[in-house]
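Below is model-v2.txt, holding compact mmCIF, N, CA and C atoms.
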```
# COMPACT_ATOMS: atom_id res chain seq x y z
N MET V 132 31.17 -14.67 11.11
CA MET V 132 31.02 -14.81 9.70
C MET V 132 30.16 -15.99 9.31
N GLY V 133 29.39 -16.47 10.26
CA GLY V 133 28.49 -17.58 9.99
C GLY V 133 27.30 -17.11 9.18
N SER V 134 26.56 -18.05 8.68
CA SER V 134 25.38 -17.69 7.89
C SER V 134 24.20 -17.38 8.80
N ASP V 135 23.43 -16.38 8.42
CA ASP V 135 22.25 -15.99 9.18
C ASP V 135 21.10 -16.92 8.83
N THR V 136 20.32 -17.23 9.83
CA THR V 136 19.13 -18.03 9.57
C THR V 136 18.01 -17.09 9.13
N GLU V 137 16.95 -17.66 8.60
CA GLU V 137 15.81 -16.85 8.14
C GLU V 137 15.21 -16.04 9.28
N ALA V 138 15.10 -16.65 10.47
CA ALA V 138 14.50 -15.96 11.61
C ALA V 138 15.34 -14.76 12.02
N GLU V 139 16.66 -14.89 11.99
CA GLU V 139 17.53 -13.78 12.36
C GLU V 139 17.44 -12.65 11.35
N LYS V 140 17.29 -12.97 10.08
CA LYS V 140 17.15 -11.95 9.05
C LYS V 140 15.86 -11.16 9.23
N LYS V 141 14.79 -11.86 9.61
CA LYS V 141 13.50 -11.19 9.77
C LYS V 141 13.49 -10.28 10.99
N ARG V 142 14.26 -10.58 12.01
CA ARG V 142 14.27 -9.78 13.23
C ARG V 142 15.09 -8.51 13.08
N ALA V 143 15.89 -8.41 12.07
CA ALA V 143 16.72 -7.22 11.86
C ALA V 143 15.83 -6.00 11.69
N PRO V 144 16.17 -4.89 12.34
CA PRO V 144 15.33 -3.69 12.22
C PRO V 144 15.34 -3.15 10.80
N VAL V 145 14.21 -2.61 10.40
CA VAL V 145 14.04 -2.09 9.05
C VAL V 145 14.46 -0.62 9.04
N ALA V 146 15.31 -0.23 8.11
CA ALA V 146 15.74 1.16 7.98
C ALA V 146 14.69 1.92 7.19
N LEU V 147 13.97 2.79 7.88
CA LEU V 147 12.89 3.54 7.23
C LEU V 147 13.41 4.85 6.64
N ALA V 148 12.79 5.25 5.57
CA ALA V 148 13.11 6.52 4.93
C ALA V 148 12.61 7.66 5.82
N PRO V 149 13.32 8.78 5.85
CA PRO V 149 12.89 9.90 6.69
C PRO V 149 11.55 10.53 6.27
N ILE V 150 11.12 10.30 5.05
CA ILE V 150 9.85 10.88 4.59
C ILE V 150 8.66 9.94 4.86
N ALA V 151 8.89 8.80 5.48
CA ALA V 151 7.84 7.80 5.68
C ALA V 151 6.85 8.23 6.75
N LYS V 152 6.05 9.25 6.43
CA LYS V 152 5.03 9.72 7.35
C LYS V 152 3.78 10.02 6.53
N PRO V 153 2.63 9.58 6.88
CA PRO V 153 2.22 8.85 8.09
C PRO V 153 2.54 7.36 7.98
N LEU V 154 3.24 6.87 8.96
CA LEU V 154 3.61 5.45 9.01
C LEU V 154 2.52 4.69 9.77
N ALA V 155 2.06 3.60 9.20
CA ALA V 155 1.02 2.78 9.84
C ALA V 155 1.60 2.06 11.05
N GLY V 156 0.83 2.04 12.14
CA GLY V 156 1.22 1.27 13.31
C GLY V 156 1.02 -0.21 13.04
N LYS V 157 1.31 -1.05 14.03
CA LYS V 157 1.20 -2.50 13.83
C LYS V 157 -0.20 -2.91 13.39
N LYS V 158 -1.21 -2.41 14.10
CA LYS V 158 -2.59 -2.80 13.82
C LYS V 158 -3.04 -2.31 12.44
N LEU V 159 -2.77 -1.05 12.15
CA LEU V 159 -3.16 -0.48 10.85
C LEU V 159 -2.37 -1.14 9.72
N CYS V 160 -1.11 -1.45 9.97
CA CYS V 160 -0.28 -2.11 8.97
C CYS V 160 -0.86 -3.47 8.61
N LYS V 161 -1.26 -4.22 9.62
CA LYS V 161 -1.84 -5.55 9.41
C LYS V 161 -3.13 -5.45 8.60
N ARG V 162 -3.99 -4.49 8.95
CA ARG V 162 -5.25 -4.30 8.23
C ARG V 162 -5.02 -3.82 6.81
N THR V 163 -4.05 -2.96 6.63
CA THR V 163 -3.74 -2.44 5.29
C THR V 163 -3.23 -3.54 4.39
N LEU V 164 -2.34 -4.38 4.91
CA LEU V 164 -1.82 -5.49 4.11
C LEU V 164 -2.91 -6.51 3.79
N LYS V 165 -3.85 -6.68 4.72
CA LYS V 165 -5.00 -7.57 4.47
C LYS V 165 -5.86 -6.99 3.34
N LEU V 166 -6.05 -5.67 3.35
CA LEU V 166 -6.79 -5.00 2.29
C LEU V 166 -6.09 -5.16 0.94
N VAL V 167 -4.78 -5.02 0.93
CA VAL V 167 -3.99 -5.19 -0.30
C VAL V 167 -4.15 -6.60 -0.83
N CYS V 168 -4.14 -7.58 0.07
CA CYS V 168 -4.32 -8.99 -0.32
C CYS V 168 -5.69 -9.21 -0.96
N ARG V 169 -6.73 -8.67 -0.32
CA ARG V 169 -8.09 -8.79 -0.87
C ARG V 169 -8.21 -8.11 -2.22
N ALA V 170 -7.63 -6.92 -2.32
CA ALA V 170 -7.69 -6.18 -3.58
C ALA V 170 -6.96 -6.92 -4.69
N SER V 171 -5.87 -7.58 -4.34
CA SER V 171 -5.12 -8.35 -5.32
C SER V 171 -5.95 -9.52 -5.85
N GLU V 172 -6.66 -10.19 -4.95
CA GLU V 172 -7.52 -11.30 -5.35
C GLU V 172 -8.65 -10.82 -6.25
N ALA V 173 -9.15 -9.61 -5.97
CA ALA V 173 -10.26 -9.06 -6.74
C ALA V 173 -9.81 -8.29 -7.98
N LYS V 174 -8.50 -8.27 -8.22
CA LYS V 174 -7.92 -7.55 -9.36
C LYS V 174 -8.23 -6.06 -9.32
N CYS V 175 -8.15 -5.49 -8.11
CA CYS V 175 -8.35 -4.05 -7.91
C CYS V 175 -7.07 -3.42 -7.40
N LEU V 176 -5.93 -3.82 -7.96
CA LEU V 176 -4.65 -3.39 -7.43
C LEU V 176 -3.70 -3.01 -8.57
N LYS V 177 -3.03 -1.88 -8.39
CA LYS V 177 -1.97 -1.46 -9.30
C LYS V 177 -0.66 -1.53 -8.52
N ARG V 178 0.36 -2.19 -9.10
CA ARG V 178 1.63 -2.39 -8.41
C ARG V 178 2.75 -1.61 -9.09
N GLY V 179 3.64 -1.06 -8.29
CA GLY V 179 4.82 -0.39 -8.82
C GLY V 179 4.60 1.09 -9.07
N VAL V 180 5.68 1.84 -8.99
CA VAL V 180 5.62 3.30 -9.11
C VAL V 180 5.03 3.73 -10.45
N LYS V 181 5.51 3.15 -11.52
CA LYS V 181 5.08 3.55 -12.86
C LYS V 181 3.57 3.34 -13.05
N GLU V 182 3.10 2.16 -12.66
CA GLU V 182 1.68 1.83 -12.82
C GLU V 182 0.79 2.69 -11.93
N VAL V 183 1.25 2.94 -10.70
CA VAL V 183 0.46 3.74 -9.74
C VAL V 183 0.33 5.18 -10.23
N VAL V 184 1.43 5.78 -10.63
CA VAL V 184 1.40 7.17 -11.11
C VAL V 184 0.52 7.29 -12.35
N LYS V 185 0.64 6.33 -13.27
CA LYS V 185 -0.17 6.35 -14.48
C LYS V 185 -1.66 6.26 -14.13
N SER V 186 -1.99 5.38 -13.19
CA SER V 186 -3.37 5.19 -12.78
C SER V 186 -3.94 6.44 -12.10
N ILE V 187 -3.14 7.08 -11.26
CA ILE V 187 -3.59 8.31 -10.58
C ILE V 187 -3.81 9.43 -11.60
N ARG V 188 -2.90 9.54 -12.54
CA ARG V 188 -3.03 10.60 -13.57
C ARG V 188 -4.24 10.38 -14.46
N ARG V 189 -4.66 9.13 -14.60
CA ARG V 189 -5.85 8.82 -15.40
C ARG V 189 -7.14 9.08 -14.63
N GLY V 190 -7.03 9.40 -13.34
CA GLY V 190 -8.21 9.75 -12.55
C GLY V 190 -8.77 8.64 -11.70
N ASN V 191 -8.08 7.51 -11.58
CA ASN V 191 -8.56 6.43 -10.72
C ASN V 191 -8.39 6.83 -9.25
N LYS V 192 -9.35 6.44 -8.43
CA LYS V 192 -9.33 6.77 -7.00
C LYS V 192 -9.06 5.51 -6.19
N GLY V 193 -8.56 5.71 -4.98
CA GLY V 193 -8.28 4.59 -4.10
C GLY V 193 -7.37 4.99 -2.97
N LEU V 194 -6.61 4.03 -2.46
CA LEU V 194 -5.67 4.25 -1.37
C LEU V 194 -4.28 3.84 -1.84
N CYS V 195 -3.32 4.73 -1.68
CA CYS V 195 -1.95 4.45 -2.08
C CYS V 195 -1.18 3.96 -0.85
N VAL V 196 -0.58 2.79 -0.97
CA VAL V 196 0.21 2.21 0.11
C VAL V 196 1.66 2.19 -0.37
N ILE V 197 2.53 2.87 0.40
CA ILE V 197 3.93 3.03 0.01
C ILE V 197 4.82 2.33 1.03
N ALA V 198 5.85 1.64 0.55
CA ALA V 198 6.80 0.99 1.45
C ALA V 198 7.76 2.03 2.01
N GLY V 199 8.11 1.88 3.28
CA GLY V 199 8.96 2.87 3.94
C GLY V 199 10.44 2.56 3.88
N ASN V 200 10.82 1.37 3.43
CA ASN V 200 12.24 1.00 3.42
C ASN V 200 12.82 0.96 2.01
N ILE V 201 12.48 1.94 1.21
CA ILE V 201 12.95 2.00 -0.17
C ILE V 201 14.30 2.72 -0.24
N SER V 202 15.21 2.15 -1.00
CA SER V 202 16.50 2.77 -1.20
C SER V 202 16.88 2.62 -2.67
N PRO V 203 17.22 3.63 -3.38
CA PRO V 203 17.30 5.03 -3.00
C PRO V 203 15.91 5.66 -2.85
N ILE V 204 15.84 6.63 -1.99
CA ILE V 204 14.56 7.25 -1.63
C ILE V 204 13.96 8.05 -2.79
N ASP V 205 14.80 8.48 -3.72
CA ASP V 205 14.34 9.28 -4.86
C ASP V 205 13.29 8.56 -5.71
N VAL V 206 13.23 7.26 -5.60
CA VAL V 206 12.28 6.47 -6.38
C VAL V 206 10.84 6.82 -6.01
N ILE V 207 10.61 7.15 -4.72
CA ILE V 207 9.23 7.36 -4.26
C ILE V 207 8.94 8.77 -3.74
N THR V 208 9.91 9.68 -3.79
CA THR V 208 9.69 11.01 -3.19
C THR V 208 8.57 11.80 -3.86
N HIS V 209 8.29 11.55 -5.12
CA HIS V 209 7.24 12.30 -5.81
C HIS V 209 5.84 11.74 -5.56
N LEU V 210 5.75 10.51 -5.07
CA LEU V 210 4.44 9.87 -4.89
C LEU V 210 3.49 10.61 -3.94
N PRO V 211 3.94 11.02 -2.75
CA PRO V 211 3.00 11.75 -1.88
C PRO V 211 2.46 13.03 -2.52
N ILE V 212 3.28 13.71 -3.31
CA ILE V 212 2.85 14.95 -3.97
C ILE V 212 1.78 14.64 -5.02
N VAL V 213 2.02 13.60 -5.81
CA VAL V 213 1.05 13.19 -6.83
C VAL V 213 -0.27 12.81 -6.17
N CYS V 214 -0.19 12.08 -5.06
CA CYS V 214 -1.40 11.66 -4.34
C CYS V 214 -2.16 12.86 -3.76
N GLU V 215 -1.43 13.80 -3.17
CA GLU V 215 -2.09 14.98 -2.59
C GLU V 215 -2.76 15.83 -3.66
N GLU V 216 -2.13 15.97 -4.82
CA GLU V 216 -2.73 16.74 -5.91
C GLU V 216 -4.02 16.11 -6.40
N ALA V 217 -4.09 14.77 -6.35
CA ALA V 217 -5.28 14.06 -6.82
C ALA V 217 -6.26 13.74 -5.68
N ASN V 218 -6.00 14.26 -4.48
CA ASN V 218 -6.84 13.99 -3.30
C ASN V 218 -6.97 12.50 -3.01
N ILE V 219 -5.86 11.79 -3.11
CA ILE V 219 -5.83 10.36 -2.82
C ILE V 219 -5.07 10.16 -1.52
N PRO V 220 -5.68 9.52 -0.52
CA PRO V 220 -4.96 9.28 0.74
C PRO V 220 -3.85 8.26 0.53
N TYR V 221 -2.78 8.41 1.31
CA TYR V 221 -1.67 7.47 1.24
C TYR V 221 -1.16 7.17 2.64
N VAL V 222 -0.54 6.01 2.77
CA VAL V 222 0.02 5.59 4.05
C VAL V 222 1.26 4.76 3.77
N TYR V 223 2.22 4.84 4.67
CA TYR V 223 3.45 4.07 4.55
C TYR V 223 3.37 2.82 5.41
N VAL V 224 3.87 1.72 4.90
CA VAL V 224 4.05 0.49 5.67
C VAL V 224 5.55 0.25 5.78
N PRO V 225 6.02 -0.40 6.83
CA PRO V 225 7.47 -0.52 7.05
C PRO V 225 8.24 -1.31 6.00
N SER V 226 7.66 -2.35 5.40
CA SER V 226 8.46 -3.26 4.60
C SER V 226 7.94 -3.44 3.18
N LYS V 227 8.84 -3.32 2.21
CA LYS V 227 8.48 -3.56 0.81
C LYS V 227 8.27 -5.04 0.53
N GLU V 228 8.93 -5.90 1.30
CA GLU V 228 8.77 -7.35 1.14
C GLU V 228 7.36 -7.78 1.58
N ASP V 229 6.89 -7.23 2.72
CA ASP V 229 5.54 -7.54 3.20
C ASP V 229 4.49 -7.03 2.23
N LEU V 230 4.74 -5.87 1.65
CA LEU V 230 3.81 -5.29 0.69
C LEU V 230 3.71 -6.16 -0.56
N ALA V 231 4.83 -6.70 -1.01
CA ALA V 231 4.84 -7.59 -2.17
C ALA V 231 4.13 -8.90 -1.88
N THR V 232 4.35 -9.44 -0.69
CA THR V 232 3.68 -10.69 -0.30
C THR V 232 2.17 -10.50 -0.27
N ALA V 233 1.72 -9.39 0.29
CA ALA V 233 0.28 -9.11 0.35
C ALA V 233 -0.29 -8.90 -1.06
N GLY V 234 0.51 -8.32 -1.94
CA GLY V 234 0.07 -8.07 -3.31
C GLY V 234 0.29 -9.25 -4.24
N THR V 235 0.61 -10.39 -3.68
CA THR V 235 0.84 -11.66 -4.39
C THR V 235 1.88 -11.54 -5.52
N THR V 236 3.02 -10.92 -5.20
CA THR V 236 4.15 -10.92 -6.11
C THR V 236 5.39 -11.34 -5.33
N LYS V 237 6.32 -11.95 -6.02
CA LYS V 237 7.55 -12.39 -5.37
C LYS V 237 8.56 -11.25 -5.28
N ARG V 238 8.46 -10.32 -6.18
CA ARG V 238 9.41 -9.20 -6.23
C ARG V 238 8.99 -8.11 -5.26
N PRO V 239 9.91 -7.59 -4.43
CA PRO V 239 9.56 -6.49 -3.51
C PRO V 239 8.96 -5.31 -4.26
N THR V 240 7.92 -4.72 -3.69
CA THR V 240 7.16 -3.68 -4.36
C THR V 240 7.26 -2.36 -3.60
N CYS V 241 7.53 -1.26 -4.32
CA CYS V 241 7.66 0.07 -3.71
C CYS V 241 6.31 0.59 -3.23
N CYS V 242 5.30 0.43 -4.07
CA CYS V 242 3.99 0.98 -3.74
C CYS V 242 2.90 0.25 -4.50
N VAL V 243 1.69 0.34 -3.95
CA VAL V 243 0.52 -0.20 -4.62
C VAL V 243 -0.63 0.80 -4.48
N LEU V 244 -1.56 0.74 -5.41
CA LEU V 244 -2.76 1.56 -5.35
C LEU V 244 -3.95 0.61 -5.28
N VAL V 245 -4.67 0.67 -4.16
CA VAL V 245 -5.87 -0.15 -4.00
C VAL V 245 -7.03 0.64 -4.61
N LEU V 246 -7.58 0.13 -5.70
CA LEU V 246 -8.66 0.82 -6.40
C LEU V 246 -10.00 0.54 -5.74
N THR V 247 -10.93 1.49 -5.88
CA THR V 247 -12.26 1.31 -5.32
C THR V 247 -13.11 0.39 -6.18
N LYS V 248 -12.77 0.29 -7.46
CA LYS V 248 -13.47 -0.64 -8.35
C LYS V 248 -12.47 -1.19 -9.35
N PRO V 249 -12.71 -2.39 -9.88
CA PRO V 249 -11.73 -2.99 -10.79
C PRO V 249 -11.60 -2.21 -12.10
N ALA V 250 -10.43 -2.31 -12.70
CA ALA V 250 -10.17 -1.61 -13.96
C ALA V 250 -11.05 -2.15 -15.08
N LYS V 251 -11.26 -3.47 -15.09
CA LYS V 251 -12.08 -4.09 -16.13
C LYS V 251 -13.17 -4.93 -15.48
N GLY V 252 -14.36 -4.88 -16.04
CA GLY V 252 -15.45 -5.73 -15.58
C GLY V 252 -16.02 -5.31 -14.23
N GLU V 253 -16.80 -6.21 -13.67
CA GLU V 253 -17.44 -5.98 -12.37
C GLU V 253 -17.12 -7.13 -11.43
N LEU V 254 -17.23 -6.86 -10.14
CA LEU V 254 -16.99 -7.89 -9.13
C LEU V 254 -18.31 -8.50 -8.68
N GLU V 255 -18.22 -9.72 -8.14
CA GLU V 255 -19.41 -10.35 -7.56
C GLU V 255 -19.80 -9.57 -6.31
N GLY V 256 -21.07 -9.66 -5.93
CA GLY V 256 -21.59 -8.91 -4.80
C GLY V 256 -20.86 -9.16 -3.50
N GLU V 257 -20.62 -10.43 -3.18
CA GLU V 257 -20.00 -10.79 -1.90
C GLU V 257 -18.54 -10.31 -1.84
N VAL V 258 -17.80 -10.50 -2.92
CA VAL V 258 -16.40 -10.09 -2.98
C VAL V 258 -16.30 -8.58 -2.87
N MET V 259 -17.18 -7.88 -3.59
CA MET V 259 -17.19 -6.42 -3.58
C MET V 259 -17.53 -5.89 -2.18
N GLU V 260 -18.47 -6.56 -1.52
CA GLU V 260 -18.89 -6.14 -0.18
C GLU V 260 -17.75 -6.27 0.83
N LYS V 261 -17.02 -7.40 0.80
CA LYS V 261 -15.88 -7.62 1.71
C LYS V 261 -14.78 -6.59 1.44
N LEU V 262 -14.49 -6.36 0.17
CA LEU V 262 -13.46 -5.40 -0.19
C LEU V 262 -13.85 -3.99 0.26
N LYS V 263 -15.08 -3.62 0.06
CA LYS V 263 -15.58 -2.30 0.44
C LYS V 263 -15.52 -2.11 1.96
N MET V 264 -15.88 -3.17 2.70
CA MET V 264 -15.86 -3.10 4.16
C MET V 264 -14.43 -2.90 4.67
N ASP V 265 -13.49 -3.70 4.15
CA ASP V 265 -12.08 -3.56 4.53
C ASP V 265 -11.53 -2.19 4.14
N TYR V 266 -11.88 -1.74 2.94
CA TYR V 266 -11.43 -0.45 2.43
C TYR V 266 -11.90 0.69 3.34
N ASP V 267 -13.18 0.69 3.70
CA ASP V 267 -13.73 1.74 4.55
C ASP V 267 -13.08 1.75 5.93
N GLN V 268 -12.82 0.56 6.48
CA GLN V 268 -12.20 0.45 7.80
C GLN V 268 -10.77 1.02 7.77
N VAL V 269 -10.01 0.65 6.77
CA VAL V 269 -8.64 1.15 6.65
C VAL V 269 -8.64 2.66 6.38
N MET V 270 -9.54 3.12 5.54
CA MET V 270 -9.60 4.54 5.21
C MET V 270 -9.89 5.40 6.44
N SER V 271 -10.79 4.92 7.32
CA SER V 271 -11.10 5.69 8.52
C SER V 271 -9.88 5.77 9.45
N GLU V 272 -9.13 4.67 9.55
CA GLU V 272 -7.93 4.67 10.38
C GLU V 272 -6.82 5.53 9.77
N VAL V 273 -6.69 5.51 8.45
CA VAL V 273 -5.70 6.33 7.78
C VAL V 273 -6.05 7.81 7.99
N ALA V 274 -7.32 8.16 7.95
CA ALA V 274 -7.75 9.53 8.18
C ALA V 274 -7.39 9.97 9.60
N GLU V 275 -7.55 9.08 10.58
CA GLU V 275 -7.17 9.40 11.96
C GLU V 275 -5.67 9.65 12.07
N VAL V 276 -4.88 8.76 11.47
CA VAL V 276 -3.42 8.89 11.54
C VAL V 276 -2.96 10.17 10.85
N THR V 277 -3.55 10.46 9.71
CA THR V 277 -3.17 11.65 8.96
C THR V 277 -3.56 12.92 9.71
N SER V 278 -4.75 12.94 10.30
CA SER V 278 -5.18 14.14 11.03
C SER V 278 -4.34 14.34 12.29
N ALA V 279 -3.90 13.28 12.92
CA ALA V 279 -3.06 13.38 14.10
C ALA V 279 -1.67 13.93 13.74
N MET V 280 -1.27 13.68 12.50
CA MET V 280 0.05 14.11 12.04
C MET V 280 0.08 15.63 11.82
N PHE V 281 -1.02 16.21 11.36
CA PHE V 281 -1.04 17.64 11.04
C PHE V 281 -1.69 18.44 12.10
```
Please, can you express the file's structure as structure tokens?
Amino acid sequence: MGSDTEAEKKRAPVALAPIAKPLAGKKLCKRTLKLVCRASEAKCLKRGVKEVVKSIRRGNKGLCVIAGNISPIDVITHLPIVCEEANIPYVYVPSKEDLATAGTTKRPTCCVLVLTKPAKGELEGEVMEKLKMDYDQVMSEVAEVTSAMF
């Protein structure tokens, strides 16, 4: 009944939802979270189920990143369907806490949508180039994982 240290809490296995497919491997997860971080800095990120669904319905394109350890699962079960209808690729990452950290929020986040261009204004050339390069790299790996799944 002793108190757990931070390191012990982090080592605990994450309970993934049964629908969390395609799940990103370690390498893809790291690259995806790096992309989310870059997109957050460039203000090309929508956070949370409500914002993501609204953005997809408005016709915005990008990559949907969904956390795999969401409970209750009903919160995110409709997201893959919405993404498939709009031809938006999606991938699951194991932890909602890691997704929130990458998206520069303190609150755990269910999902984020990495947009291909910012909602308002334009980006500088160098920032846009880095974001585009990361986005293309992650998209090609997500396509591989998705094609291997089906």
All alpha helix (DSSP H) residues (DSSP, backbone) inside range 135-257 of chain V, as a PyMOL selection string
chain V and resi 137-142+157-172+180-188+210-216+227-233+256-257
Contacts of range 248-261 of chain V within 7 Å, only N, CA and C atoms, excl. fewer than 2 positions in-chain, as a list in words:
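Answer for this query is Ala173, Lys174, Cys175, Leu176, Lys192, Val245, Leu246, Lys263, Met264, Asp265 and Tyr266 of chain V.
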Residues proximal to (1.5, 3.9, 9.2) were defined as those with any atom within 8 Å of that point in the file's coordinates, counting all atoms listed in the file. Which are they, as an MDAnalysis selection string?
chainID V and resid 151:157 159:160 221:225 273 276
Which residue gives the smallest distance to Glu172 in chain V among V:Val243, V:Met270, V:Ala233, V:Ile201, with all atoms listed in the file counted?
V:Ala233
Report as a short mmCIF file (atom, residue, chain, number, x, y, z; two decimals) with N, CA and C atoms, in the coordinates of the input: the residues of chain V with a DSSP assignment of strand (DSSP E or B), based on the backbone of this structure.
```cif
data_model
loop_
_atom_site.label_atom_id
_atom_site.label_comp_id
_atom_site.auth_asym_id
_atom_site.auth_seq_id
_atom_site.Cartn_x
_atom_site.Cartn_y
_atom_site.Cartn_z
N LEU V 154 3.24 6.87 8.96
CA LEU V 154 3.61 5.45 9.01
C LEU V 154 2.52 4.69 9.77
N LEU V 176 -5.93 -3.82 -7.96
CA LEU V 176 -4.65 -3.39 -7.43
C LEU V 176 -3.70 -3.01 -8.57
N LYS V 177 -3.03 -1.88 -8.39
CA LYS V 177 -1.97 -1.46 -9.30
C LYS V 177 -0.66 -1.53 -8.52
N ARG V 178 0.36 -2.19 -9.10
CA ARG V 178 1.63 -2.39 -8.41
C ARG V 178 2.75 -1.61 -9.09
N GLY V 193 -8.56 5.71 -4.98
CA GLY V 193 -8.28 4.59 -4.10
C GLY V 193 -7.37 4.99 -2.97
N LEU V 194 -6.61 4.03 -2.46
CA LEU V 194 -5.67 4.25 -1.37
C LEU V 194 -4.28 3.84 -1.84
N CYS V 195 -3.32 4.73 -1.68
CA CYS V 195 -1.95 4.45 -2.08
C CYS V 195 -1.18 3.96 -0.85
N VAL V 196 -0.58 2.79 -0.97
CA VAL V 196 0.21 2.21 0.11
C VAL V 196 1.66 2.19 -0.37
N ILE V 197 2.53 2.87 0.40
CA ILE V 197 3.93 3.03 0.01
C ILE V 197 4.82 2.33 1.03
N ALA V 198 5.85 1.64 0.55
CA ALA V 198 6.80 0.99 1.45
C ALA V 198 7.76 2.03 2.01
N TYR V 221 -2.78 8.41 1.31
CA TYR V 221 -1.67 7.47 1.24
C TYR V 221 -1.16 7.17 2.64
N VAL V 222 -0.54 6.01 2.77
CA VAL V 222 0.02 5.59 4.05
C VAL V 222 1.26 4.76 3.77
N TYR V 223 2.22 4.84 4.67
CA TYR V 223 3.45 4.07 4.55
C TYR V 223 3.37 2.82 5.41
N VAL V 224 3.87 1.72 4.90
CA VAL V 224 4.05 0.49 5.67
C VAL V 224 5.55 0.25 5.78
N CYS V 242 5.30 0.43 -4.07
CA CYS V 242 3.99 0.98 -3.74
C CYS V 242 2.90 0.25 -4.50
N VAL V 243 1.69 0.34 -3.95
CA VAL V 243 0.52 -0.20 -4.62
C VAL V 243 -0.63 0.80 -4.48
N LEU V 244 -1.56 0.74 -5.41
CA LEU V 244 -2.76 1.56 -5.35
C LEU V 244 -3.95 0.61 -5.28
N VAL V 245 -4.67 0.67 -4.16
CA VAL V 245 -5.87 -0.15 -4.00
C VAL V 245 -7.03 0.64 -4.61
N LEU V 246 -7.58 0.13 -5.70
CA LEU V 246 -8.66 0.82 -6.40
C LEU V 246 -10.00 0.54 -5.74
#
```
Quote the spacing between atom N of Pro203 in chain V and CA of Lys237 in chain V in Å to one decimal place.
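Pair atom N of Pro203 in chain V / CA of Lys237 in chain V returns 18.8 Å.
Straight-line separation from atom C of Leu164 in chain V to atom C of Pro220 in chain V: 15.2 Å.
Between atom N of Thr208 in chain V and atom N of Val196 in chain V the interatomic distance comes to 12.9 Å.
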Minimum-distance residue to Cys195 in chain V, chosen among V:Leu244, V:Thr235, V:Ser226, V:Ala217 (using only N, CA and C atoms):
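Nearest candidate to Cys195 in chain V out of V:Leu244, V:Thr235, V:Ser226, V:Ala217: V:Leu244.
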Smallest atom-to-atom distance to Val180 in chain V: which of V:Val269, V:Leu147, V:Leu262, V:Val213, using only C-alpha atoms?
V:Val213
Return as AutoDock Vina command-line options the box centre and box size in Å, one decimal, for an axis-aligned box around all listed atoms of range 205-224 of chain V padded by 8 Å per side.
```
--center_x 3.9 --center_y 8.5 --center_z -0.5 --size_x 37.8 --size_y 32.5 --size_z 28.6
```
Given only N, CA and C atoms as the counted atoms, nearest of V:Thr247, V:Arg238, V:Asp205, V:Gln268 to Gly193 in chain V
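Checking each candidate against Gly193 in chain V, we get V:Thr247 as the closest.
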